[in-house]
Amino acid sequence: MTLGKMTLATSVCVAAVVLLSTAAEAKPARCFTTDDGYYPCNYKALDGEGSFRISAPGYPTITLEIDQPGFAFGYARFGSRNRSLPGQFVRSRDDGACWNNPQTNTKLCAW
């Protein structure tokens with residue numbers, strides 16, 4: 001392999017690593033929770049299944065982890081402690097960015 005081809009191959013590999021690493025970064029979003037209403041937040045995808053985390057200064061950090069397609073369990077971080085959110089969250093049929101918890105009548109959305 002020539003020096004030029006090695007340089008090109010290295011550049012392609014570095015570009016791929018950069019693209020993959022930025023995909024996991026938090027992105028600005030607009031959030032809604034039944035308790036807090038609408039607020040600007042950061043959204044971070046956690047895996048390929050759809051699990052995610054939303055965070056914003058002054059609000060609890062909320063994580064929803066997909067249990068099976070369309071169903072999730074969640075927890076919220078208050079200060080330095082995580083608290084499990086009761087019940088199961090179900091993806092909204094009306095808005096795929098929203099999750100409803102029929103047991104607690106709560107809603108969580110991130111657009």
# chains A, B, ... in the order shown; residues from 1 in each chain; ligands from 1

call {"tool": "residues_around", "arguments": {"residues": "A:Arg30", "least_positions_apart": "6", "cutoff": "6 Å", "atoms": "only C-alpha atoms", "output": "PyMOL selection string"}}
result
chain A and resi 39-41+110-111

call {"tool": "residues_around", "arguments": {"residues": "A:Lys44", "least_positions_apart": "5", "cutoff": "6 Å", "atoms": "only C-alpha atoms", "output": "ChimeraX atom specification"}}
result
/A:26,52-53

call {"tool": "residues_around", "arguments": {"residues": "stretch 62-75 of chain A", "least_positions_apart": "3", "cutoff": "7 Å", "atoms": "only C-alpha atoms", "output": "PyMOL selection string"}}
result
chain A and resi 49-55+82-85+88-91

call {"tool": "select_by_dssp", "arguments": {"residues": "stretch 6-111 of chain A", "states": "helix (DSSP H, G or I)", "output": "count of residues only"}}
result
18

call {"tool": "closest_residue", "arguments": {"among": "A:Glu25, A:Ala97, A:Gly58, A:Phe78", "to": "A:Asn42", "atoms": "only C-alpha atoms"}}
result
A:Glu25

call {"tool": "atom_distance", "arguments": {"atom1": "atom CA of A:Gly79", "atom2": "atom CA of A:Tyr59"}}
result
9.6 Å

call {"tool": "atom_distance", "arguments": {"atom1": "atom CA of A:Gly48", "atom2": "atom CA of A:Asp36"}}
result
27.7 Å

call {"tool": "residues_around", "arguments": {"residues": "A:Asn105", "least_positions_apart": "5", "cutoff": "10 Å", "atoms": "only C-alpha atoms", "output": "PyMOL selection string"}}
result
chain A and resi 34+87+89+100

call {"tool": "write_last_selection", "arguments": {"atoms": "N, CA, C and O atoms", "output": "PDB file, in the first residue's frame"}}
result
ATOM      1  N   THR A  34     -45.470  15.824  32.761  1.00  0.00           N
ATOM      2  CA  THR A  34     -46.697  16.187  33.456  1.00  0.00           C
ATOM      3  C   THR A  34     -46.394  17.060  34.669  1.00  0.00           C
ATOM      4  O   THR A  34     -47.113  18.013  34.955  1.00  0.00           O
ATOM      5  N   GLY A  87     -44.498   2.155  37.636  1.00  0.00           N
ATOM      6  CA  GLY A  87     -45.274   1.750  36.470  1.00  0.00           C
ATOM      7  C   GLY A  87     -44.456   1.631  35.202  1.00  0.00           C
ATOM      8  O   GLY A  87     -43.241   1.802  35.185  1.00  0.00           O
ATOM      9  N   PHE A  89     -44.060   2.736  31.053  1.00  0.00           N
ATOM     10  CA  PHE A  89     -44.362   3.766  30.063  1.00  0.00           C
ATOM     11  C   PHE A  89     -44.676   3.100  28.728  1.00  0.00           C
ATOM     12  O   PHE A  89     -44.030   2.130  28.340  1.00  0.00           O
ATOM     13  N   ASN A 100     -46.492   7.608  27.669  1.00  0.00           N
ATOM     14  CA  ASN A 100     -47.531   7.725  28.685  1.00  0.00           C
ATOM     15  C   ASN A 100     -47.401   6.603  29.705  1.00  0.00           C
ATOM     16  O   ASN A 100     -47.052   5.480  29.357  1.00  0.00           O
TER      17      ASN A 100
END
